[in-house]
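Chemist: Just so it is clear, I am handing over query34.cif, which has mmCIF, C-alpha atoms and all ligand atoms.
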```
data_data
#
loop_
_atom_site.label_atom_id
_atom_site.label_comp_id
_atom_site.auth_asym_id
_atom_site.auth_seq_id
_atom_site.Cartn_x
_atom_site.Cartn_y
_atom_site.Cartn_z
CA MET A 1 67.25 3.95 2.30
CA HIS A 2 67.23 7.40 0.71
CA GLU A 3 69.20 10.22 2.20
CA ARG A 4 67.01 12.07 4.72
CA PRO A 5 63.77 10.07 4.29
CA VAL A 6 61.86 12.10 6.90
CA ILE A 7 59.71 14.97 5.60
CA VAL A 8 58.38 17.08 8.47
CA ALA A 9 54.87 18.42 7.73
CA LEU A 10 55.12 22.11 8.58
CA ASP A 11 51.43 22.47 9.40
CA PHE A 12 51.42 25.95 10.96
CA PRO A 13 48.96 28.83 10.47
CA ASP A 14 51.46 31.59 9.68
CA ALA A 15 55.00 32.38 8.54
CA SER A 16 56.42 33.35 11.91
CA SER A 17 55.38 30.17 13.71
CA ALA A 18 56.60 28.06 10.77
CA LEU A 19 59.97 29.83 10.62
CA GLU A 20 60.41 29.71 14.38
CA PHE A 21 59.73 25.99 14.34
CA ALA A 22 62.00 25.33 11.33
CA ALA A 23 64.82 27.05 13.21
CA ARG A 24 64.60 24.25 15.78
CA LEU A 25 65.22 21.59 13.09
CA GLU A 26 68.27 20.68 11.04
CA PRO A 27 68.28 20.60 7.20
CA SER A 28 70.82 17.77 7.43
CA LEU A 29 68.24 15.59 9.25
CA CYS A 30 64.96 16.17 7.43
CA ARG A 31 63.07 17.80 4.60
CA LEU A 32 59.96 19.98 5.03
CA LYS A 33 56.43 19.86 3.61
CA VAL A 34 54.50 23.08 3.05
CA GLY A 35 50.78 22.49 2.53
CA PHE A 36 47.69 24.55 1.73
CA GLU A 37 47.19 26.21 5.08
CA LEU A 38 50.68 27.62 5.39
CA PHE A 39 51.05 28.46 1.71
CA VAL A 40 47.75 30.35 1.58
CA ALA A 41 48.66 32.23 4.75
CA ALA A 42 52.33 32.91 4.12
CA GLY A 43 52.83 32.65 0.36
CA PRO A 44 55.84 31.92 -1.81
CA ALA A 45 58.19 34.16 0.23
CA LEU A 46 58.02 31.67 3.09
CA VAL A 47 58.95 28.81 0.75
CA GLU A 48 61.95 30.77 -0.51
CA GLN A 49 63.05 31.51 3.05
CA LEU A 50 62.98 27.82 3.93
CA VAL A 51 64.91 26.97 0.77
CA ASN A 52 67.47 29.66 1.60
CA ARG A 53 67.93 28.10 5.03
CA GLY A 54 69.02 24.93 3.26
CA PHE A 55 65.83 22.87 3.52
CA ASP A 56 64.49 20.69 0.74
CA VAL A 57 60.83 21.72 0.44
CA PHE A 58 57.96 19.52 -0.71
CA LEU A 59 55.25 21.94 -1.90
CA ASP A 60 52.07 19.96 -1.23
CA LEU A 61 49.46 21.95 -3.19
CA LYS A 62 47.93 19.03 -5.13
CA PHE A 63 47.35 20.90 -8.41
CA HIS A 64 44.25 19.89 -10.39
CA ASP A 65 43.21 22.13 -13.29
CA ILE A 66 43.46 22.30 -17.08
CA PRO A 67 46.87 21.20 -18.42
CA ASN A 68 48.08 24.69 -19.33
CA THR A 69 47.30 26.08 -15.88
CA VAL A 70 48.89 23.18 -14.01
CA ALA A 71 51.98 23.33 -16.21
CA ALA A 72 52.34 27.06 -15.45
CA ALA A 73 51.89 26.46 -11.72
CA CYS A 74 54.57 23.78 -11.77
CA ARG A 75 56.97 26.13 -13.54
CA ALA A 76 56.26 28.79 -10.91
CA ALA A 77 56.88 26.28 -8.10
CA ALA A 78 60.17 25.22 -9.69
CA GLY A 79 61.15 28.88 -9.71
CA LEU A 80 60.86 28.91 -5.91
CA GLY A 81 63.49 26.19 -5.72
CA VAL A 82 61.27 23.47 -4.29
CA TRP A 83 62.57 19.90 -4.13
CA MET A 84 59.23 18.15 -4.74
CA LEU A 85 55.70 19.12 -5.77
CA ASN A 86 52.47 17.30 -6.49
CA LEU A 87 49.24 17.21 -8.44
CA HIS A 88 46.10 15.05 -8.57
CA ALA A 89 46.45 12.09 -10.93
CA GLY A 90 42.67 12.39 -11.46
CA GLY A 91 43.42 15.45 -13.60
CA GLY A 92 44.36 12.96 -16.30
CA ALA A 93 47.25 12.02 -18.56
CA THR A 94 47.32 15.23 -20.61
CA MET A 95 47.53 17.33 -17.45
CA MET A 96 50.26 15.16 -15.93
CA GLN A 97 52.33 15.13 -19.13
CA ALA A 98 52.01 18.91 -19.48
CA ALA A 99 53.27 19.33 -15.90
CA ARG A 100 56.15 16.96 -16.49
CA GLU A 101 57.14 18.72 -19.73
CA ALA A 102 56.96 22.13 -18.05
CA LEU A 103 59.42 20.97 -15.40
CA ASP A 104 61.75 19.53 -18.04
CA THR A 105 62.19 23.01 -19.46
CA VAL A 106 63.19 24.72 -16.21
CA GLY A 107 66.88 25.25 -15.63
CA GLY A 108 68.77 23.95 -12.61
CA ARG A 109 67.67 21.05 -10.45
CA ARG A 110 64.32 19.68 -11.66
CA PRO A 111 61.90 19.19 -8.76
CA LEU A 112 60.47 15.72 -8.26
CA LEU A 113 56.87 15.60 -9.47
CA ILE A 114 54.53 13.18 -7.73
CA ALA A 115 50.79 12.55 -7.81
CA VAL A 116 48.00 12.01 -5.33
CA THR A 117 45.93 9.01 -6.47
CA VAL A 118 42.83 8.65 -4.27
CA LEU A 119 42.61 10.80 -1.14
CA THR A 120 42.82 8.51 1.88
CA SER A 121 39.75 10.30 3.24
CA MET A 122 37.66 8.71 0.43
CA ASP A 123 36.26 5.20 0.68
CA ASP A 124 34.58 3.04 -1.98
CA ALA A 125 31.19 4.72 -1.36
CA ASP A 126 32.67 8.21 -1.80
CA LEU A 127 34.29 7.11 -5.06
CA ASN A 128 31.03 5.60 -6.22
CA SER A 129 29.18 8.86 -5.53
CA VAL A 130 31.50 10.67 -7.96
CA GLY A 131 31.06 8.02 -10.64
CA VAL A 132 34.10 5.82 -9.98
CA GLU A 133 32.74 2.32 -9.97
CA VAL A 134 35.85 0.40 -8.98
CA GLY A 135 36.97 0.30 -5.34
CA ALA A 136 39.60 2.58 -3.84
CA ARG A 137 42.32 -0.05 -3.98
CA GLU A 138 41.86 -0.66 -7.70
CA GLN A 139 41.58 3.06 -8.43
CA VAL A 140 44.83 3.74 -6.55
CA LEU A 141 46.64 1.14 -8.67
CA ARG A 142 45.13 2.44 -11.88
CA LEU A 143 46.09 6.05 -11.18
CA ALA A 144 49.56 5.10 -9.94
CA ARG A 145 50.21 3.20 -13.19
CA LEU A 146 48.95 6.16 -15.21
CA THR A 147 51.20 8.47 -13.17
CA HIS A 148 54.18 6.30 -14.02
CA GLU A 149 53.24 6.13 -17.71
CA CYS A 150 53.11 9.93 -17.79
CA GLY A 151 56.73 10.08 -16.65
CA LEU A 152 56.14 11.36 -13.13
CA ASP A 153 58.48 10.38 -10.32
CA GLY A 154 56.07 8.81 -7.84
CA VAL A 155 52.90 9.03 -5.76
CA VAL A 156 51.71 9.90 -2.28
CA CYS A 157 50.21 6.78 -0.76
CA SER A 158 49.17 5.30 2.55
CA ALA A 159 51.36 2.64 4.09
CA ALA A 160 48.53 0.18 3.41
CA GLU A 161 48.86 0.84 -0.32
CA ALA A 162 52.67 0.76 -0.48
CA PRO A 163 53.19 -3.03 -0.72
CA ASP A 164 50.80 -3.37 -3.71
CA LEU A 165 52.40 -0.40 -5.47
CA ARG A 166 55.89 -1.78 -4.90
CA VAL A 167 54.88 -4.95 -6.73
CA VAL A 168 53.42 -3.31 -9.84
CA LEU A 169 55.75 -0.33 -10.25
CA PRO A 170 59.52 -0.08 -10.73
CA GLN A 171 61.77 0.18 -7.68
CA ASP A 172 62.78 3.75 -8.47
CA PHE A 173 59.14 4.97 -8.48
CA VAL A 174 58.98 7.15 -5.36
CA LEU A 175 56.40 6.37 -2.66
CA VAL A 176 55.75 9.17 -0.16
CA THR A 177 53.78 8.02 2.87
CA PRO A 178 51.94 9.98 5.59
CA GLY A 179 50.12 8.41 8.55
CA ILE A 180 53.38 7.64 10.38
CA ARG A 181 53.59 7.37 14.16
CA PRO A 182 56.58 6.32 16.26
CA ALA A 183 55.48 3.48 18.56
CA ASP A 184 55.34 5.73 21.63
CA VAL A 185 53.21 8.52 20.08
CA ASP A 186 49.41 8.88 20.08
CA ALA A 187 47.81 8.35 16.63
CA GLY A 188 45.47 11.37 16.98
CA ASP A 189 42.99 11.55 14.08
CA GLN A 190 44.99 9.20 11.83
CA LYS A 191 43.08 5.93 11.68
CA ARG A 192 45.67 3.58 10.24
CA VAL A 193 49.21 4.36 11.28
CA VAL A 194 52.52 2.56 10.94
CA THR A 195 55.87 3.21 12.58
CA PRO A 196 58.66 4.87 10.56
CA ASN A 197 60.66 1.64 10.35
CA GLU A 198 57.66 -0.42 9.29
CA ALA A 199 56.78 2.12 6.55
CA LEU A 200 60.27 1.85 5.02
CA ARG A 201 60.22 -1.91 5.36
CA ILE A 202 57.00 -2.21 3.33
CA GLY A 203 58.24 0.00 0.53
CA ALA A 204 57.93 3.70 1.38
CA ASP A 205 60.77 5.97 0.24
CA TYR A 206 59.88 9.12 2.15
CA LEU A 207 57.86 9.51 5.35
CA VAL A 208 55.67 12.54 5.98
CA ILE A 209 55.57 13.11 9.73
CA GLY A 210 53.73 16.06 11.26
CA ARG A 211 52.46 16.22 14.82
CA PRO A 212 54.75 13.59 16.34
CA ILE A 213 57.53 16.10 15.63
CA THR A 214 55.76 19.49 15.51
CA ARG A 215 54.00 18.91 18.85
CA ALA A 216 56.91 17.26 20.62
CA ALA A 217 58.36 19.08 23.64
CA ASP A 218 61.77 18.56 22.03
CA PRO A 219 61.21 18.43 18.25
CA LEU A 220 64.88 18.05 17.32
CA GLY A 221 65.31 15.29 19.89
CA ARG A 222 62.27 13.46 18.52
CA LEU A 223 63.53 13.85 14.95
CA GLN A 224 67.00 12.62 15.92
CA ALA A 225 65.48 9.62 17.66
CA ILE A 226 63.40 8.72 14.58
CA VAL A 227 66.38 9.12 12.25
CA SER A 228 68.78 7.09 14.37
CA ASN A 229 66.17 4.35 14.71
CA LEU A 230 65.84 4.23 10.92
CA GLU A 231 69.59 4.07 10.51
CA ALA A 232 69.99 1.31 13.10
O1 LIG A 301 50.43 15.32 11.87
P1 LIG A 301 50.45 14.18 10.88
O2 LIG A 301 51.71 13.33 10.98
O3 LIG A 301 49.20 13.37 10.91
O4 LIG A 301 50.54 14.94 9.48
C1 LIG A 301 50.49 14.27 8.28
C2 LIG A 301 50.59 15.23 7.13
O5 LIG A 301 50.38 14.49 5.93
C3 LIG A 301 49.57 16.36 7.13
O6 LIG A 301 50.18 17.50 6.52
C4 LIG A 301 48.46 15.82 6.26
O7 LIG A 301 47.76 16.82 5.61
C5 LIG A 301 49.24 14.98 5.27
N1 LIG A 301 48.49 13.88 4.66
C6 LIG A 301 47.89 12.87 5.39
N2 LIG A 301 47.20 11.88 4.76
C7 LIG A 301 47.13 11.86 3.44
C8 LIG A 301 47.73 12.85 2.67
C9 LIG A 301 48.41 13.87 3.34
O8 LIG A 301 47.99 12.87 6.61
N3 LIG A 301 46.50 10.88 2.85
#
```
What would you get if you wrote out this structure as structure tokens?

Modeler:
Amino acid sequence: MHERPVIVALDFPDASSALEFAARLEPSLCRLKVGFELFVAAGPALVEQLVNRGFDVFLDLKFHDIPNTVAAACRAAAGLGVWMLNLHAGGGATMMQAAREALDTVGGRRPLLIAVTVLTSMDDADLNSVGVEVGAREQVLRLARLTHECGLDGVVCSAAEAPDLRVVLPQDFVLVTPGIRPADVDAGDQKRVVTPNEALRIGADYLVIGRPITRAADPLGRLQAIVSNLEA
């Protein structure tokens, strides 16, 4: 198991609620994910504040643009001190390699660079409507292989995809998995969920967990319970 495999999804609408919530967590127990909503509302200053508080930050902005633009965005993200960032593998090999090369040139600790393959909100029919004639499962494998060939560190994937990816990709290729629910927590709008322990067992490296922690009456207590269960 990696050190601190839990990434708490900081899905809040503004900087003050995000910072207030982060103050209730411990950087020694988890990492944090900052996504579109919070980044658009609060900007890079919020990311720097979280980093300064000692948190490893996964900047989940899923870049997808021409290679030069994505490379520049990755360099800017590295400048904020983020631990991990991502892009869409569908942007292609040239884009992914440009991003990877841009991060190789930044000083200090290089952030992990991972890719989104197929959004879990898309099914075979959605893919077909945008001209992808293979099914989601095959497309996920294809894009994950391409991601690896381009020298990236890993992919975001659902727990359902993790076992297949573990078979075809090297052990050190990082799998980051959302859709996690402790056994005693309501699944909400997530359709296919697995428990934290099950996700690690089937090959995930890092677990993105949002509402089970952000909406808990005692977030730190919930986080501690998840972590000690994983360690047991
Ligand atoms: O609250 P919950 O645990 O469902 O949050 C999961 C987080 O992971 C959210 O930030 C969501 O946007 C993200 N995510 C996801 N499914 C994906 C990719 C990302 O739930 N396929």

Chemist: Counting all atoms listed in the file, which residue out of A:Phe63, A:Phe173, A:Phe12, A:Phe21 sits closest to ligand LIG 301 (chain A)?

Modeler: A:Phe12

Chemist: Tell me which protein, DNA and RNA residues are within 10 Å of Gly91 in chain A, counting only C-alpha atoms, leaving out same-chain ones fewer than 6 positions away, and put them as a list in words.

Modeler: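 Skipping anything fewer than 6 positions along the chain leaves Phe63, His64, Asp65, Ile66, Pro67, Val70, Ala115 and Thr117 of chain A.
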
Chemist: Around all the atoms of ligand LIG 301 (chain A) listed in the file, with 6 Å of room on each side, what axis-aligned box do you get, giving centre and edge lengths in Å to one decimal, as JSON?

Modeler:
```
{"center_x": 49.1, "center_y": 14.2, "center_z": 7.3, "size_x": 17.2, "size_y": 18.6, "size_z": 21.2}
```

Chemist: Give me, please, the distance in Å between CA of Asp205 in chain A and CA of Val6 in chain A, quoted to one decimal.

Modeler: 9.1 Å

Chemist: Compute the set of protein, DNA and RNA residues whose minimum atom distance to ligand LIG 301 (chain A) is at most 10 Å, using all atoms listed in the file, and state it as a PyMOL selection string.

Modeler: chain A and resi 7-12+33-37+60+62+116-122+156-159+176-181+187-191+193+207-215

Chemist: Quick one: residues within 9 Å of Ile114 in chain A, only C-alpha atoms counted, chain neighbours fewer than 2 positions away excluded, as a list in words?

Modeler: Met84, Leu85, Asn86, Leu87, His88, Ala89, Leu112, Val116, Thr147, Leu152, Asp153, Gly154, Val155, Val156, Val174, Leu175 and Val176 of chain A

Chemist: Which value, in Å to one decimal, gives the distance between CA of Gly43 in chain A and CA of Asp14 in chain A?

Modeler: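 Separation between CA of Gly43 in chain A and CA of Asp14 in chain A: 9.5 Å.
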
Chemist: In Å, how far is it from CA of Ala45 in chain A to CA of Ala78 in chain A?

Modeler: 13.5 Å

Chemist: Please provide as a PyMOL selection string all residues within 12 Å of Ala183 in chain A, with the sequence filter that same-chain residues fewer than 4 positions apart are discarded (counting all atoms listed in the file).

Modeler: chain A and resi 187+193-198+212+225-226+229

Chemist: Calculated over only C-alpha atoms, which of the candidates A:Phe58, A:Asn52, A:Leu169, A:Pro13 has the smallest distance to Leu38 in chain A?

Modeler: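 Of A:Phe58, A:Asn52, A:Leu169, A:Pro13, the one nearest Leu38 in chain A is A:Pro13, counting only C-alpha atoms.
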
Chemist: Within 9 Å of Arg100 in chain A, counting all atoms listed in the file, which residues qualify if same-chain residues fewer than 4 places away don't, as a PyMOL selection string?

Modeler: chain A and resi 71+74+95-96+104+113+150-152

Chemist: Could you get me a file of range 29-44 of chain A with N, CA and C atoms, as an mmCIF file, in the first residue's frame, taken from the block above?

Modeler:
```cif
data_model
loop_
_atom_site.group_PDB
_atom_site.id
_atom_site.type_symbol
_atom_site.label_atom_id
_atom_site.label_comp_id
_atom_site.auth_asym_id
_atom_site.auth_seq_id
_atom_site.Cartn_x
_atom_site.Cartn_y
_atom_site.Cartn_z
ATOM 1 N N LEU A 29 -2.712 12.195 7.157
ATOM 2 C CA LEU A 29 -3.668 11.091 6.950
ATOM 3 C C LEU A 29 -4.230 11.016 5.542
ATOM 4 N N CYS A 30 -4.127 12.106 4.787
ATOM 5 C CA CYS A 30 -4.775 12.095 3.458
ATOM 6 C C CYS A 30 -4.124 13.127 2.545
ATOM 7 N N ARG A 31 -4.494 13.025 1.283
ATOM 8 C CA ARG A 31 -4.144 14.055 0.300
ATOM 9 C C ARG A 31 -5.459 14.707 -0.116
ATOM 10 N N LEU A 32 -5.399 15.789 -0.906
ATOM 11 C CA LEU A 32 -6.624 16.498 -1.276
ATOM 12 C C LEU A 32 -6.737 16.614 -2.789
ATOM 13 N N LYS A 33 -7.966 16.578 -3.290
ATOM 14 C CA LYS A 33 -8.208 16.803 -4.720
ATOM 15 C C LYS A 33 -8.979 18.103 -4.897
ATOM 16 N N VAL A 34 -8.434 18.972 -5.748
ATOM 17 C CA VAL A 34 -9.116 20.220 -6.102
ATOM 18 C C VAL A 34 -9.596 20.085 -7.542
ATOM 19 N N GLY A 35 -10.905 20.193 -7.739
ATOM 20 C CA GLY A 35 -11.473 20.031 -9.079
ATOM 21 C C GLY A 35 -11.929 21.359 -9.668
ATOM 22 N N PHE A 36 -12.632 21.244 -10.801
ATOM 23 C CA PHE A 36 -13.094 22.424 -11.542
ATOM 24 C C PHE A 36 -13.828 23.463 -10.708
ATOM 25 N N GLU A 37 -14.828 22.980 -9.971
ATOM 26 C CA GLU A 37 -15.704 23.938 -9.282
ATOM 27 C C GLU A 37 -14.888 24.839 -8.357
ATOM 28 N N LEU A 38 -14.110 24.209 -7.512
ATOM 29 C CA LEU A 38 -13.343 24.977 -6.529
ATOM 30 C C LEU A 38 -12.254 25.808 -7.200
ATOM 31 N N PHE A 39 -11.598 25.236 -8.212
ATOM 32 C CA PHE A 39 -10.511 25.980 -8.851
ATOM 33 C C PHE A 39 -11.045 27.207 -9.596
ATOM 34 N N VAL A 40 -12.177 27.036 -10.262
ATOM 35 C CA VAL A 40 -12.748 28.186 -10.990
ATOM 36 C C VAL A 40 -13.197 29.268 -10.003
ATOM 37 N N ALA A 41 -13.728 28.824 -8.858
ATOM 38 C CA ALA A 41 -14.206 29.797 -7.876
ATOM 39 C C ALA A 41 -13.065 30.449 -7.092
ATOM 40 N N ALA A 42 -12.071 29.646 -6.732
ATOM 41 C CA ALA A 42 -11.091 30.145 -5.758
ATOM 42 C C ALA A 42 -9.702 30.388 -6.338
ATOM 43 N N GLY A 43 -9.410 29.760 -7.475
ATOM 44 C CA GLY A 43 -8.153 30.047 -8.166
ATOM 45 C C GLY A 43 -6.911 29.433 -7.547
ATOM 46 N N PRO A 44 -5.764 29.743 -8.170
ATOM 47 C CA PRO A 44 -4.497 29.142 -7.760
ATOM 48 C C PRO A 44 -4.079 29.491 -6.326
#
```
